[in-house]
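Structure data (CSV, C-alpha atoms and all ligand atoms) from protein-v1.csv:
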chain,number,residue,atom,x,y,z
A,82,MET,CA,41.3,-9.5,-41.2
A,83,ARG,CA,38.7,-11.7,-42.9
A,84,TRP,CA,36.0,-10.4,-40.6
A,85,ILE,CA,36.0,-6.9,-42.1
A,86,PRO,CA,34.0,-7.8,-45.3
A,87,VAL,CA,31.5,-9.6,-43.1
A,88,LEU,CA,30.4,-6.3,-41.5
A,89,SER,CA,28.8,-5.0,-44.6
A,90,LYS,CA,26.7,-1.8,-44.5
A,91,ARG,CA,23.6,-3.8,-44.1
A,92,THR,CA,24.9,-5.8,-41.2
A,93,LEU,CA,26.1,-2.6,-39.5
A,94,PHE,CA,22.7,-1.1,-40.0
A,95,ILE,CA,21.0,-4.1,-38.4
A,96,TYR,CA,23.5,-4.0,-35.5
A,97,PHE,CA,22.7,-0.3,-35.0
A,98,ILE,CA,19.0,-1.0,-35.0
A,99,LEU,CA,19.4,-3.8,-32.5
A,100,LEU,CA,21.5,-1.6,-30.2
A,101,PHE,CA,19.0,1.2,-30.5
A,102,LEU,CA,16.2,-1.2,-29.5
A,103,LEU,CA,18.3,-2.5,-26.6
A,104,TYR,CA,18.8,1.1,-25.5
A,105,LEU,CA,15.1,1.9,-25.7
A,106,PHE,CA,14.3,-1.3,-23.8
A,107,TYR,CA,16.8,-0.3,-21.1
A,108,ALA,CA,15.6,3.3,-20.9
A,109,LEU,CA,12.0,2.2,-20.6
A,110,ASN,CA,12.6,-0.2,-17.8
A,111,SER,CA,14.9,2.1,-15.8
A,112,CYS,CA,12.2,4.7,-16.2
A,113,LEU,CA,9.6,2.7,-14.3
A,114,VAL,CA,11.4,3.6,-11.1
A,115,ASP,CA,10.1,3.9,-7.5
A,116,GLU,CA,8.8,7.1,-5.9
A,117,LYS,CA,12.1,8.1,-4.3
A,118,THR,CA,13.8,8.5,-7.7
A,119,PHE,CA,10.8,10.2,-9.3
A,120,THR,CA,12.3,13.4,-10.5
A,121,LEU,CA,11.7,16.0,-13.2
A,122,LYS,CA,14.5,14.4,-15.2
A,123,TYR,CA,12.7,11.1,-15.1
A,124,VAL,CA,9.5,12.7,-16.3
A,125,PHE,CA,11.1,14.4,-19.3
A,126,LEU,CA,12.9,11.3,-20.3
A,127,LYS,CA,9.6,9.5,-19.9
A,128,GLN,CA,7.9,12.0,-22.2
A,129,HIS,CA,10.4,11.1,-25.0
A,130,ILE,CA,9.9,7.4,-24.4
A,131,SER,CA,6.1,7.9,-24.5
A,132,LYS,CA,6.5,9.5,-28.0
A,133,TYR,CA,8.3,6.3,-29.3
A,134,ARG,CA,5.7,4.2,-27.6
A,135,LYS,CA,2.9,6.1,-29.1
A,136,VAL,CA,4.3,5.5,-32.6
A,137,GLY,CA,4.8,1.8,-31.7
A,138,VAL,CA,1.2,1.6,-30.5
A,139,ARG,CA,-0.2,3.3,-33.6
A,140,VAL,CA,1.8,0.9,-35.9
A,141,ALA,CA,0.7,-2.1,-33.8
A,142,SER,CA,-2.9,-1.0,-34.0
A,143,LEU,CA,-2.7,-1.1,-37.8
A,144,PHE,CA,-2.0,-4.8,-37.5
A,145,GLY,CA,-4.9,-5.3,-35.1
A,146,PHE,CA,-3.0,-5.3,-31.8
A,147,ASN,CA,-4.2,-3.4,-28.8
A,148,PHE,CA,-1.6,-2.2,-26.2
A,149,ASP,CA,-4.0,-0.2,-24.2
A,150,ASP,CA,-3.5,-2.2,-21.0
A,151,ASP,CA,0.3,-2.0,-21.1
A,152,TYR,CA,0.1,1.6,-21.9
A,153,GLN,CA,-1.1,2.8,-18.6
A,154,TYR,CA,2.0,4.4,-17.3
A,155,THR,CA,2.3,6.9,-20.2
A,156,ARG,CA,-0.5,9.2,-19.4
A,157,LEU,CA,1.7,12.3,-19.4
A,158,LYS,CA,0.3,15.3,-21.2
A,159,GLN,CA,2.7,17.3,-23.2
A,160,ASN,CA,4.5,20.0,-21.3
A,161,GLU,CA,2.7,19.2,-18.0
A,162,VAL,CA,5.1,19.5,-15.1
A,163,PRO,CA,4.3,17.4,-12.0
A,164,VAL,CA,4.1,19.3,-8.7
A,165,LYS,CA,4.0,18.2,-5.0
A,166,ARG,CA,0.6,18.4,-3.4
A,167,LEU,CA,-0.9,17.7,0.0
A,168,PRO,CA,-2.5,14.2,0.1
A,169,ASP,CA,-6.0,13.7,-1.3
A,170,ALA,CA,-6.3,10.4,0.5
A,171,LEU,CA,-4.7,8.8,3.5
A,172,ILE,CA,-4.3,5.2,4.7
A,173,ILE,CA,-4.7,5.9,8.4
A,174,GLY,CA,-4.4,2.3,9.8
A,175,VAL,CA,-4.6,-0.1,11.3
A,176,LYS,CA,-1.2,-1.4,12.1
A,177,LYS,CA,-0.5,-5.0,11.1
A,178,CYS,CA,-3.8,-5.3,9.2
A,179,GLY,CA,-2.3,-5.2,5.7
A,180,THR,CA,-1.7,-1.4,5.2
A,181,ARG,CA,1.5,-2.0,3.2
A,182,ALA,CA,-0.2,-4.5,0.9
A,183,LEU,CA,-3.0,-2.0,0.3
A,184,LEU,CA,-0.6,0.8,-0.5
A,185,GLU,CA,1.6,-1.3,-2.8
A,186,PHE,CA,-1.5,-2.6,-4.6
A,187,LEU,CA,-2.8,1.0,-5.1
A,188,ARG,CA,0.5,2.2,-6.5
A,189,VAL,CA,-0.1,-0.1,-9.4
A,190,HIS,CA,-2.6,2.5,-10.5
A,191,PRO,CA,-1.2,5.1,-12.9
A,192,ASP,CA,-3.4,7.8,-11.3
A,193,VAL,CA,-2.1,7.2,-7.8
A,194,ARG,CA,1.2,8.5,-6.4
A,195,ALA,CA,2.2,7.8,-2.9
A,196,ALA,CA,5.0,8.6,-0.5
A,197,GLY,CA,7.2,5.5,-0.2
A,198,SER,CA,7.7,5.5,3.6
A,199,GLU,CA,5.5,6.5,6.5
A,200,VAL,CA,5.6,10.2,6.9
A,201,HIS,CA,4.1,10.5,10.5
A,202,PHE,CA,3.1,14.0,10.0
A,203,PHE,CA,-0.2,14.1,11.9
A,204,ASP,CA,1.3,12.3,14.9
A,205,LYS,CA,5.0,13.1,15.2
A,206,PHE,CA,5.9,16.0,12.9
A,207,TYR,CA,2.8,18.2,12.9
A,208,HIS,CA,4.9,21.1,14.3
A,209,LYS,CA,6.9,21.1,11.1
A,210,GLY,CA,3.9,22.5,9.2
A,211,PHE,CA,2.1,21.8,6.0
A,212,GLU,CA,4.9,22.9,3.7
A,213,TRP,CA,7.2,20.3,5.2
A,214,TYR,CA,4.5,17.7,4.7
A,215,ARG,CA,3.9,18.7,1.1
A,216,ASP,CA,7.6,18.4,0.4
A,217,LYS,CA,7.4,14.7,1.5
A,218,MET,CA,4.9,14.0,-1.2
A,219,PRO,CA,5.8,12.7,-4.7
A,220,PRO,CA,5.2,15.1,-7.6
A,221,THR,CA,1.9,14.5,-9.3
A,222,LEU,CA,0.1,15.6,-12.4
A,223,GLU,CA,-3.3,17.1,-12.4
A,224,GLY,CA,-5.9,14.4,-11.9
A,225,GLN,CA,-3.5,12.0,-10.1
A,226,ILE,CA,-4.2,11.2,-6.4
A,227,THR,CA,-1.5,11.9,-3.8
A,228,MET,CA,-1.4,9.4,-1.0
A,229,GLU,CA,0.4,8.6,2.2
A,230,LYS,CA,0.1,5.8,4.7
A,231,THR,CA,0.9,6.1,8.4
A,232,PRO,CA,-1.0,3.5,10.4
A,233,SER,CA,-0.5,5.2,13.8
A,234,TYR,CA,-2.8,8.0,12.7
A,235,TRP,CA,-5.7,5.6,13.5
A,236,VAL,CA,-4.9,5.8,17.2
A,237,THR,CA,-3.5,9.4,17.4
A,238,ARG,CA,-6.1,11.4,19.3
A,239,SER,CA,-5.4,14.7,17.7
A,240,ALA,CA,-5.1,13.2,14.1
A,241,PRO,CA,-8.8,13.5,13.1
A,242,LYS,CA,-8.8,17.3,14.0
A,243,ARG,CA,-5.5,17.9,12.2
A,244,VAL,CA,-6.4,16.0,9.1
A,245,TYR,CA,-9.7,17.9,8.9
A,246,ALA,CA,-7.8,21.2,9.2
A,247,MET,CA,-5.7,20.1,6.2
A,248,ASN,CA,-8.6,19.1,4.1
A,249,PRO,CA,-12.2,18.3,5.3
A,250,SER,CA,-12.8,16.4,2.0
A,251,VAL,CA,-9.8,14.1,2.3
A,252,LYS,CA,-10.6,10.4,1.7
A,253,LEU,CA,-9.6,8.1,4.5
A,254,LEU,CA,-8.8,4.4,4.2
A,255,ALA,CA,-8.4,1.9,7.1
A,256,VAL,CA,-7.7,-1.8,6.8
A,257,VAL,CA,-9.0,-3.9,9.6
A,258,ARG,CA,-8.7,-7.6,10.4
A,259,ASP,CA,-9.6,-10.1,13.1
A,260,PRO,CA,-8.1,-8.4,16.2
A,261,VAL,CA,-6.8,-11.7,17.6
A,262,THR,CA,-4.7,-12.3,14.5
A,263,ARG,CA,-3.7,-8.7,14.4
A,264,ALA,CA,-2.4,-8.9,18.0
A,265,ILE,CA,-0.4,-12.1,17.2
A,266,SER,CA,1.0,-10.3,14.1
A,267,ASP,CA,2.0,-7.3,16.2
A,268,TYR,CA,3.7,-9.5,18.8
A,269,THR,CA,5.5,-11.5,16.0
A,270,GLN,CA,6.9,-8.2,14.7
A,271,SER,CA,8.2,-7.2,18.2
A,272,ALA,CA,9.6,-10.7,18.9
A,273,SER,CA,11.5,-10.6,15.6
A,274,LYS,CA,13.3,-7.5,16.9
A,275,ARG,CA,13.6,-8.8,20.5
A,276,PRO,CA,14.1,-12.6,20.7
A,277,SER,CA,14.1,-12.4,24.5
A,278,LEU,CA,10.5,-11.2,24.6
A,279,PRO,CA,8.3,-13.3,26.8
A,280,ARG,CA,5.7,-15.6,25.3
A,281,PHE,CA,2.6,-14.1,23.7
A,282,GLU,CA,0.4,-15.9,26.2
A,283,ASP,CA,2.3,-14.4,29.2
A,284,LEU,CA,2.0,-10.8,27.8
A,285,ALA,CA,-1.6,-11.0,26.6
A,286,LEU,CA,-2.9,-12.4,29.9
A,287,VAL,CA,-2.3,-11.1,33.4
A,288,ASN,CA,-1.3,-13.8,35.9
A,289,ASN,CA,-0.9,-16.3,33.1
A,290,SER,CA,2.6,-17.4,34.1
A,291,ALA,CA,1.1,-18.5,37.5
A,292,GLY,CA,-0.6,-21.3,35.5
A,293,TRP,CA,-4.1,-21.9,34.1
A,294,GLY,CA,-5.5,-22.8,37.5
A,295,THR,CA,-5.3,-19.2,38.5
A,296,LEU,CA,-7.7,-16.6,37.2
A,297,SER,CA,-6.0,-15.1,34.1
A,298,VAL,CA,-7.6,-12.1,32.4
A,299,VAL,CA,-6.7,-10.3,29.2
A,300,ASP,CA,-4.3,-7.4,29.7
A,301,ALA,CA,-6.3,-4.8,27.8
A,302,SER,CA,-3.5,-2.2,28.4
A,303,TRP,CA,-0.9,-4.3,26.4
A,304,PRO,CA,-0.6,-2.4,23.1
A,305,PRO,CA,-1.0,-5.4,20.8
A,306,VAL,CA,-4.3,-6.1,22.6
A,307,ARG,CA,-5.4,-2.5,23.0
A,308,LEU,CA,-5.0,-1.7,19.3
A,309,GLY,CA,-7.5,-4.4,18.4
A,310,VAL,CA,-10.3,-2.5,20.1
A,311,TYR,CA,-11.3,-0.7,16.8
A,312,ALA,CA,-14.5,0.9,18.0
A,313,ARG,CA,-12.9,3.7,20.0
A,314,PRO,CA,-10.7,5.2,17.3
A,315,LEU,CA,-13.4,4.7,14.8
A,316,ARG,CA,-15.8,6.8,16.9
A,317,ARG,CA,-13.1,9.5,17.2
A,318,TRP,CA,-12.7,9.7,13.4
A,319,LEU,CA,-16.5,9.7,12.8
A,320,ARG,CA,-16.9,12.7,15.1
A,321,ARG,CA,-14.9,14.7,12.5
A,322,PHE,CA,-15.7,12.9,9.2
A,323,PRO,CA,-18.9,11.5,7.7
A,324,ARG,CA,-18.9,7.8,7.4
A,325,SER,CA,-18.9,8.2,3.6
A,326,ARG,CA,-15.4,9.6,3.7
A,327,LEU,CA,-13.9,6.6,5.4
A,328,LEU,CA,-13.5,3.3,3.6
A,329,LEU,CA,-13.0,0.2,5.8
A,330,ILE,CA,-11.1,-2.5,4.0
A,331,ASN,CA,-11.4,-6.1,5.0
A,332,GLY,CA,-7.8,-7.3,5.7
A,333,GLU,CA,-8.8,-11.0,5.4
A,334,ARG,CA,-10.4,-10.4,2.0
A,335,LEU,CA,-7.4,-8.4,0.8
A,336,VAL,CA,-5.5,-11.6,1.1
A,337,VAL,CA,-8.1,-14.0,-0.2
A,338,ASP,CA,-9.4,-11.8,-3.1
A,339,PRO,CA,-7.2,-8.7,-3.5
A,340,ALA,CA,-8.8,-7.8,-6.8
A,341,ALA,CA,-12.3,-7.6,-5.4
A,342,GLU,CA,-11.1,-5.5,-2.4
A,343,MET,CA,-9.2,-3.2,-4.8
A,344,THR,CA,-12.3,-2.7,-6.9
A,345,ARG,CA,-14.0,-1.2,-3.8
A,346,VAL,CA,-10.9,0.9,-3.1
A,347,GLN,CA,-10.7,2.3,-6.7
A,348,GLU,CA,-14.5,3.0,-6.7
A,349,PHE,CA,-14.1,4.9,-3.4
A,350,LEU,CA,-11.2,7.0,-4.7
A,351,GLY,CA,-13.1,7.7,-7.9
A,352,LEU,CA,-10.5,5.9,-10.0
A,353,LYS,CA,-10.9,4.0,-13.2
A,354,ARG,CA,-10.8,0.3,-12.5
A,355,VAL,CA,-7.3,-0.5,-13.6
A,356,ILE,CA,-6.2,-2.9,-10.8
A,357,THR,CA,-7.8,-6.2,-11.6
A,358,GLU,CA,-7.3,-10.0,-11.2
A,359,LYS,CA,-4.6,-9.9,-13.8
A,360,HIS,CA,-2.3,-7.9,-11.6
A,361,PHE,CA,-2.1,-10.6,-8.9
A,362,TYR,CA,-0.9,-14.2,-8.5
A,363,PHE,CA,-0.9,-16.3,-5.4
A,364,ASN,CA,2.6,-17.2,-4.3
A,365,SER,CA,2.2,-20.5,-2.5
A,366,THR,CA,5.7,-20.3,-0.8
A,367,LYS,CA,4.8,-17.0,0.7
A,368,GLY,CA,1.2,-17.9,1.2
A,369,PHE,CA,0.0,-14.5,0.1
A,370,PRO,CA,-1.0,-12.7,-3.1
A,371,CYS,CA,1.8,-11.0,-4.9
A,372,LEU,CA,2.0,-8.6,-7.8
A,373,LEU,CA,2.8,-9.6,-11.4
A,374,LYS,CA,4.1,-6.1,-12.1
A,375,SER,CA,3.9,-2.7,-10.7
A,376,GLU,CA,4.9,0.8,-11.6
A,377,SER,CA,8.4,0.3,-10.2
A,378,ARG,CA,9.0,-3.3,-11.3
A,379,GLY,CA,8.0,-5.1,-14.4
A,380,THR,CA,8.6,-8.6,-12.9
A,381,PRO,CA,6.5,-10.6,-10.4
A,382,HIS,CA,7.2,-9.7,-6.8
A,383,CYS,CA,5.9,-10.1,-3.3
A,384,LEU,CA,6.0,-7.7,-0.4
A,385,GLY,CA,9.2,-7.9,1.6
A,386,LYS,CA,10.0,-10.5,4.2
A,387,THR,CA,8.7,-8.4,7.1
A,388,LYS,CA,5.2,-8.8,5.6
A,389,GLY,CA,3.6,-12.2,5.8
A,390,ARG,CA,5.8,-13.7,8.6
A,391,SER,CA,4.9,-17.0,10.0
A,392,HIS,CA,3.3,-16.7,13.5
A,393,PRO,CA,4.3,-18.7,16.6
A,394,TYR,CA,2.0,-21.4,18.0
A,395,ILE,CA,-0.3,-19.8,20.5
A,396,ASP,CA,-2.1,-21.8,23.2
A,397,PRO,CA,-5.8,-22.2,22.0
A,398,ARG,CA,-7.0,-21.3,25.5
A,399,THR,CA,-5.3,-17.8,25.2
A,400,ILE,CA,-6.9,-17.4,21.7
A,401,GLU,CA,-10.3,-18.3,23.3
A,402,ARG,CA,-9.8,-15.7,26.1
A,403,LEU,CA,-9.0,-13.1,23.5
A,404,ARG,CA,-12.0,-13.9,21.4
A,405,ASP,CA,-14.3,-13.5,24.4
A,406,PHE,CA,-12.6,-10.3,25.3
A,407,TYR,CA,-13.0,-8.8,21.8
A,408,ARG,CA,-16.5,-10.0,21.1
A,409,PRO,CA,-18.4,-7.0,22.6
A,410,PHE,CA,-15.9,-4.5,21.2
A,411,ASN,CA,-16.3,-6.1,17.7
A,412,GLU,CA,-20.1,-5.9,18.0
A,413,ARG,CA,-19.8,-2.2,18.8
A,414,PHE,CA,-17.4,-1.7,15.9
A,415,TYR,CA,-19.7,-3.5,13.4
A,416,GLN,CA,-22.5,-1.2,14.5
A,417,LEU,CA,-20.5,2.0,14.1
A,418,ALA,CA,-19.0,0.7,10.8
A,419,GLY,CA,-22.3,-0.6,9.5
A,420,ILE,CA,-20.5,-3.7,8.4
A,421,ASN,CA,-20.4,-7.1,10.0
A,422,PHE,CA,-16.8,-8.4,9.5
A,423,GLY,CA,-17.8,-11.8,11.0
A,424,TRP,CA,-14.7,-12.3,13.2
A,425,PRO,CA,-15.0,-15.4,15.3
A,501,LIG,P1,2.0,-10.8,9.1
A,501,LIG,O1,3.3,-10.5,8.7
A,501,LIG,O2,1.9,-10.9,10.6
A,501,LIG,O3,1.4,-12.0,8.4
A,501,LIG,P2,1.0,-4.0,7.8
A,501,LIG,O4,1.4,-3.8,6.4
A,501,LIG,O5,-0.2,-3.2,8.1
A,501,LIG,O6,2.1,-4.0,8.8
A,501,LIG,O7,0.4,-5.5,7.9
A,501,LIG,C1,1.2,-6.6,7.7
A,501,LIG,C2,0.3,-7.8,7.5
A,501,LIG,O8,-0.3,-7.7,6.2
A,501,LIG,C3,0.9,-9.1,7.4
A,501,LIG,O9,1.0,-9.6,8.7
A,501,LIG,C4,0.1,-10.0,6.5
A,501,LIG,O10,-0.8,-10.9,7.2
A,501,LIG,C5,-0.8,-8.9,5.8
A,501,LIG,N1,-0.9,-9.0,4.4
A,501,LIG,C6,-2.0,-8.8,3.6
A,501,LIG,N2,-1.7,-8.9,2.4
A,501,LIG,C7,-0.4,-9.3,2.2
A,501,LIG,C8,0.4,-9.6,1.1
A,501,LIG,N3,-0.1,-9.6,-0.1
A,501,LIG,N4,1.7,-10.0,1.4
A,501,LIG,C9,2.1,-10.0,2.7
A,501,LIG,N5,1.4,-9.7,3.7
A,501,LIG,C10,0.1,-9.3,3.5
So, in terms of structure tokens, how does the structure I just supplied come out?
Amino acid sequence: MRWIPVLSKRTLFIYFILLFLLYLFYALNSCLVDEKTFTLKYVFLKQHISKYRKVGVRVASLFGFNFDDDYQYTRLKQNEVPVKRLPDALIIGVKKCGTRALLEFLRVHPDVRAAGSEVHFFDKFYHKGFEWYRDKMPPTLEGQITMEKTPSYWVTRSAPKRVYAMNPSVKLLAVVRDPVTRAISDYTQSASKRPSLPRFEDLALVNNSAGWGTLSVVDASWPPVRLGVYARPLRRWLRRFPRSRLLLINGERLVVDPAAEMTRVQEFLGLKRVITEKHFYFNSTKGFPCLLKSESRGTPHCLGKTKGRSHPYIDPRTIERLRDFYRPFNERFYQLAGINFGWP
């Protein structure tokens, strides 16, 4: 029983403080949850935590420290209750061009709230109505942007008209990348689900299996090839929306310099420039930029393993055929977009 005198009042007090700090640390981290668990309970708990943090920040500032940057998730105004709203901005495509990366990077911003998974309202579930759609959205505070990404909107013929009916001022974002790489990426995704899929070369070119001596032409009807003809869908969207309402994001630059591309995105959405170089690091194992922290996770993390897969070897002659095929469509796309993406 010699341990009893060791636990003096002072020691107990220190233990209590340590336990309390541990609890605060735990509560704070479990609060930075993903959209699916974003509930009112979470918000109220967060309000309490923000009070403690505010005191902490004030005390720290007395000693000359500035916690402004780490303080970005606590913008809740007292007694403000978040509500679900229809989206202010949509990522409409293009499939396999980096749409998930764009959304995940945007979610770092405290003024952006996005539905976690693709909602497919304007293509599959339009008949369910706008109330159904609103319910799929995360609750937001006034001034926060509600977003959703469904890449198939890009090629859904009725989508521009339907989106316009929801809100003619909605902001549209589309990521595009070299259509040849996009087609290979699309194929790689299908092949990962169906290992018995024929070779890319045999699907992309008609008559290819008969050998290179025969005249093989690009199969423009094969979806991975067809989706890379960006000019057609762009024309459809621009019939409804002015060019200024649609931001085209360079998928290659999103990998090479994500911070620069995110600066354009934040400007377009009228957001304060919060997402910067300091949010990214290059993961050499993955070969892609990853996030140092985000709203849902305080530790460095990359996108899941379905993003950034290694691509199979493709015969360079097939690549050349595809490049020749896309060249005139790319030119048309650059004209409509007013941007030369410089794809080979
Ligand atoms: P691959 O997996 O073929 O490399 P989407 O999200 O629209 O389906 O696009 C997936 C593609 O996003 C990936 O295709 C990858 O090239 C690209 N991408 C861009 N930035 C990425 C990142 N930071 N991490 C992983 N993939 C990224």
When you look at Val355 in chain A with a cut-off of 10 Å (counting only C-alpha atoms), what residues show up, excluding the ones that are within fewer than 3 positions of it in the same chain? I need them as a list in words.
Asp150, Gln153, Leu187, Val189, His190, Pro191, Asp192, Met343, Thr344, Gln347, Leu352, Glu358, Lys359 and His360 of chain A
Which neighbours of Pro409 in chain A fall inside 12 Å, counting only C-alpha atoms, when residues of the same chain fewer than 5 positions from it are skipped, and could you give them as a PyMOL selection string?
chain A and resi 309-312+403-404+414-416+424-425
Ligand LIG 501 (chain A) neighbours within 8 Å using only C-alpha atoms and all ligand atoms, as JSON, numbers by chain
{"A": [174, 175, 176, 177, 178, 179, 180, 181, 182, 183, 232, 256, 262, 263, 265, 266, 267, 269, 270, 332, 333, 335, 336, 339, 367, 368, 369, 370, 371, 383, 384, 385, 387, 388, 389, 390, 391, 392]}
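Close contacts of His382 in chain A, defined as residues with an atom at most 8 Å away when counting all atoms listed in the file, with chain neighbours fewer than 4 positions off set aside, comprise Cys371, Leu372, Leu373 and Lys374 of chain A.
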Fewer than 4 positions away in the same chain doesn't count, so skip those; otherwise give me all residues within 10 Å of Val298 in chain A, counting only C-alpha atoms, as a PDB file with C-alpha atoms, in the coordinates of the input.
ATOM      1  CA  ALA A 285      -1.600 -11.000  26.600  1.00  0.00           C
ATOM      2  CA  LEU A 286      -2.900 -12.400  29.900  1.00  0.00           C
ATOM      3  CA  VAL A 287      -2.300 -11.100  33.400  1.00  0.00           C
ATOM      4  CA  ASN A 288      -1.300 -13.800  35.900  1.00  0.00           C
ATOM      5  CA  ASN A 289      -0.900 -16.300  33.100  1.00  0.00           C
ATOM      6  CA  THR A 399      -5.300 -17.800  25.200  1.00  0.00           C
ATOM      7  CA  ARG A 402      -9.800 -15.700  26.100  1.00  0.00           C
ATOM      8  CA  LEU A 403      -9.000 -13.100  23.500  1.00  0.00           C
ATOM      9  CA  PHE A 406     -12.600 -10.300  25.300  1.00  0.00           C
TER      10      PHE A 406
END
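The gap separating CA of Arg398 in chain A from CA of Glu282 in chain A is 9.2 Å, in Å to one decimal.
Comparing A:Ala196, A:Leu417, A:Val299, A:Met247 by their smallest distance to Thr231 in chain A, the closest is A:Ala196 (using all atoms listed in the file).
The interatomic distance for the pair CA of Ser302 in chain A and CA of Leu278 in chain A works out to 17.1 Å.
Taking CA of Ala340 in chain A as the reference point, CA of Pro219 in chain A is found at 25.3 Å.
Closest to Leu328 in chain A among A:Val200, A:Ile173, A:Ala195, A:Ala264 is A:Ile173, based on all atoms listed in the file.
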Do you know which residues are at most 8 Å from range 321-327 of chain A counting all atoms listed in the file, after dropping those on the same chain fewer than 6 positions away, and could you put them as a list in words?
Pro241, Lys242, Tyr245, Pro249, Ser250, Val251, Lys252, Leu253, Leu254, Ala255 and Ala418 of chain A
